[in-house]
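Q: First the structure, which I've put down as structure tokens, then a few questions once you've had a look.
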Amino acid sequence: MNKKLTIIELAEQVATKAQTTNRMGELFLKELFATVAQELIEGRNVEIKSLGSFTLKEGGAVDEAHIDFIPAQAVAEAINQPFAQFTPLELNDDITPEQLQQLIEIEPSDEDVPALEEIPALTSEPLETPPAHEETSVPEAPALDEVHAPSIPAPAVVSAPVPALEPTSEPISEAEPVEPALSEPPEFTEPIEPTEETPAVDHEAEKRKVAKSSLLKGIVVGALGALLLTTLLWILFGPKGVITGGTTEKEPMVVDTVNEQKSTSSSVFKTDKPQPVEPKKEIPVIRDTVTAKRPLTVIARKHYGNEFFYVYIYEENKDRIKDVNNIAPGTEVIIPLASKYGFDPKDPESIKQAQLKSMELNKRR
Amino acid sequence: MDNKQLLSHLTQQLGRNRTDVNRLLDALAAVMAERCGELDSIAVPGFGTFTGEKVNECVVTDSSTGRRTLMPPKVQLNFTMSHVLKNRLKNELNPS
């Protein structure tokens, strides 16, 4: 802010924006402003579409000529982008300058404010009305840059308090109904207390609404609770009930029912036990892919430590492999566990067996 | 001099095509808007200074109708010509 930009800095920034060299930017600026200056000296106005227009104006004396620069619409809008939300606001005519003056005299604090007409009016009103609303209009008076946001509510304040000037009692009566409206939320949370109060008709209607809503809430909560209870009961006792139902069919055998119940309960436990065992049975399947450089023998060497064990891989993947000597690259094979085929990769006997199997396989081919 | 004439003049002087000159002009406008929007000033030697100036909100009274309007704050782009240009203009307009 308030920084002075030299032509070189300007040229750099222009060049960056136009994606050209700094030299080009500097040349362009010099040429542009030299041309404009020359045109103006020769008495011609210059109009640049994207920038604005330079107009030579001559004053009363000949030597008092000056140049008017009117920025282009786009430039003006771009500069005023932060203030785009503001619009001119027509002030209410009901406040006369005398009334404003009276207000200023009544409230000495307003005298500190600069001598703009409407600023005392703005500052005086928040004092009359409840303080919750327009405290923000006070910071408008200092000419700071960051005060724009609070200045939005200020126009609303100007028009609103006009009736408050003549009847002084009205603002108080207007302010009263605001309070119950603000105190409604606590009433909503505590529906019993508001019935004891004696407010206006609106209050009763609101209380009825609150009572209705609380009743509905109660019903919904009750229904949900019942549903939850039944599901809990079903989960806890449901399966047993089914089993006992089965036993009741066999009621004639009174003596055996106890044993049967035991057996059924034990059967229930039996069915329960395998469930946690199941994850243990899940054996991770090892897969590998055959490539041109990695035939089955190489894969076997990798997984078992000996290339002859490829026969077991072949056995496992018979459905996928048609010819063991000609496997298409990219074929995915499952590597079986050694225990599945009963061999030990480190055992020389197993290696011999694998060799024999390999020979048999080759003979078959 | 209108925009078209200025463009053709700059194209000749810089040896660039119209598109390039147009792009440079747009870039200049964008930089000026950006810098002056931040209330900076741009000094062009021998020509003048462009300044962004903030105008605070104020009440404007229409003298004929008496209506008062609260004008929002704004930033004005002002131009002050340099002494060199002023002297050149003075000499041109009043050679004696």
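Residue numbering restarts at 1 in every chain; chains get A, B, ... in the order shown in the structure tokens, and ligands count up from 1 in that same order.
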Would you list, as JSON, numbers by chain, the residues of segment 1-92 of chain B that end up in alpha helix (DSSP H) under DSSP run on this structure's backbone?
A: {"B": [3, 4, 5, 6, 7, 8, 9, 10, 11, 12, 13, 14, 18, 19, 20, 21, 22, 23, 24, 25, 26, 27, 28, 29, 30, 31, 32, 33, 34, 35, 36, 37, 83, 84, 85, 86, 87, 88, 89, 90, 91, 92]}
Q: Taking only C-alpha atoms into account, what are the residues of chain B at most 8 Å from chain A, put as a ChimeraX atom specification?
A: /B:1-3,6,10,13-14,23-34,36-45,47,56,58-59,67-81,85-86,88-90,92-94
Q: Based on DSSP run over this structure's backbone, return all residues of chain B in strand (DSSP E or B), as number ranges by chain.
A: B: 41-44, 48-55, 58-61, 68-71, 74-81
Q: One number please: atom CA of Leu337 of chain A to atom CA of Asn325 of chain A, in Å, one decimal.
A: 22.4 Å
Q: Can you tell me, as a ChimeraX atom specification, what residues are no more than 9 Å from Tyr304 of chain A when counting only C-alpha atoms, ignoring any on the same chain fewer than 5 positions away?
A: /A:299,309-310,338,344-346
Q: For C-alpha atoms, I'd like the residues from the last selection saved as an mmCIF file, in the first residue's frame.
A:
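In the end it all went to result_17.cif:
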```
data_model
loop_
_atom_site.group_PDB
_atom_site.id
_atom_site.type_symbol
_atom_site.label_atom_id
_atom_site.label_comp_id
_atom_site.auth_asym_id
_atom_site.auth_seq_id
_atom_site.Cartn_x
_atom_site.Cartn_y
_atom_site.Cartn_z
ATOM 1 C CA ILE A 299 9.393 -70.714 -10.087
ATOM 2 C CA PHE A 309 9.483 -79.703 -7.637
ATOM 3 C CA TYR A 310 7.894 -78.026 -10.646
ATOM 4 C CA ALA A 338 4.622 -78.869 0.286
ATOM 5 C CA ASP A 344 9.843 -81.901 2.013
ATOM 6 C CA PRO A 345 11.871 -79.563 -0.181
ATOM 7 C CA LYS A 346 14.969 -80.178 1.923
#
```
Q: Report, in Å to a single decimal, how far apart atom CA of Lys4 of chain B and atom CA of Arg18 of chain B are.
A: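 A separation of 9.9 Å between them.
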Q: For atom CA of Lys363 of chain A and atom CA of Arg287 of chain A, determine how far apart the two atoms are, in Å to one decimal place.
A: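 According to the coordinates, atom CA of Lys363 of chain A and atom CA of Arg287 of chain A are separated by 27.7 Å.
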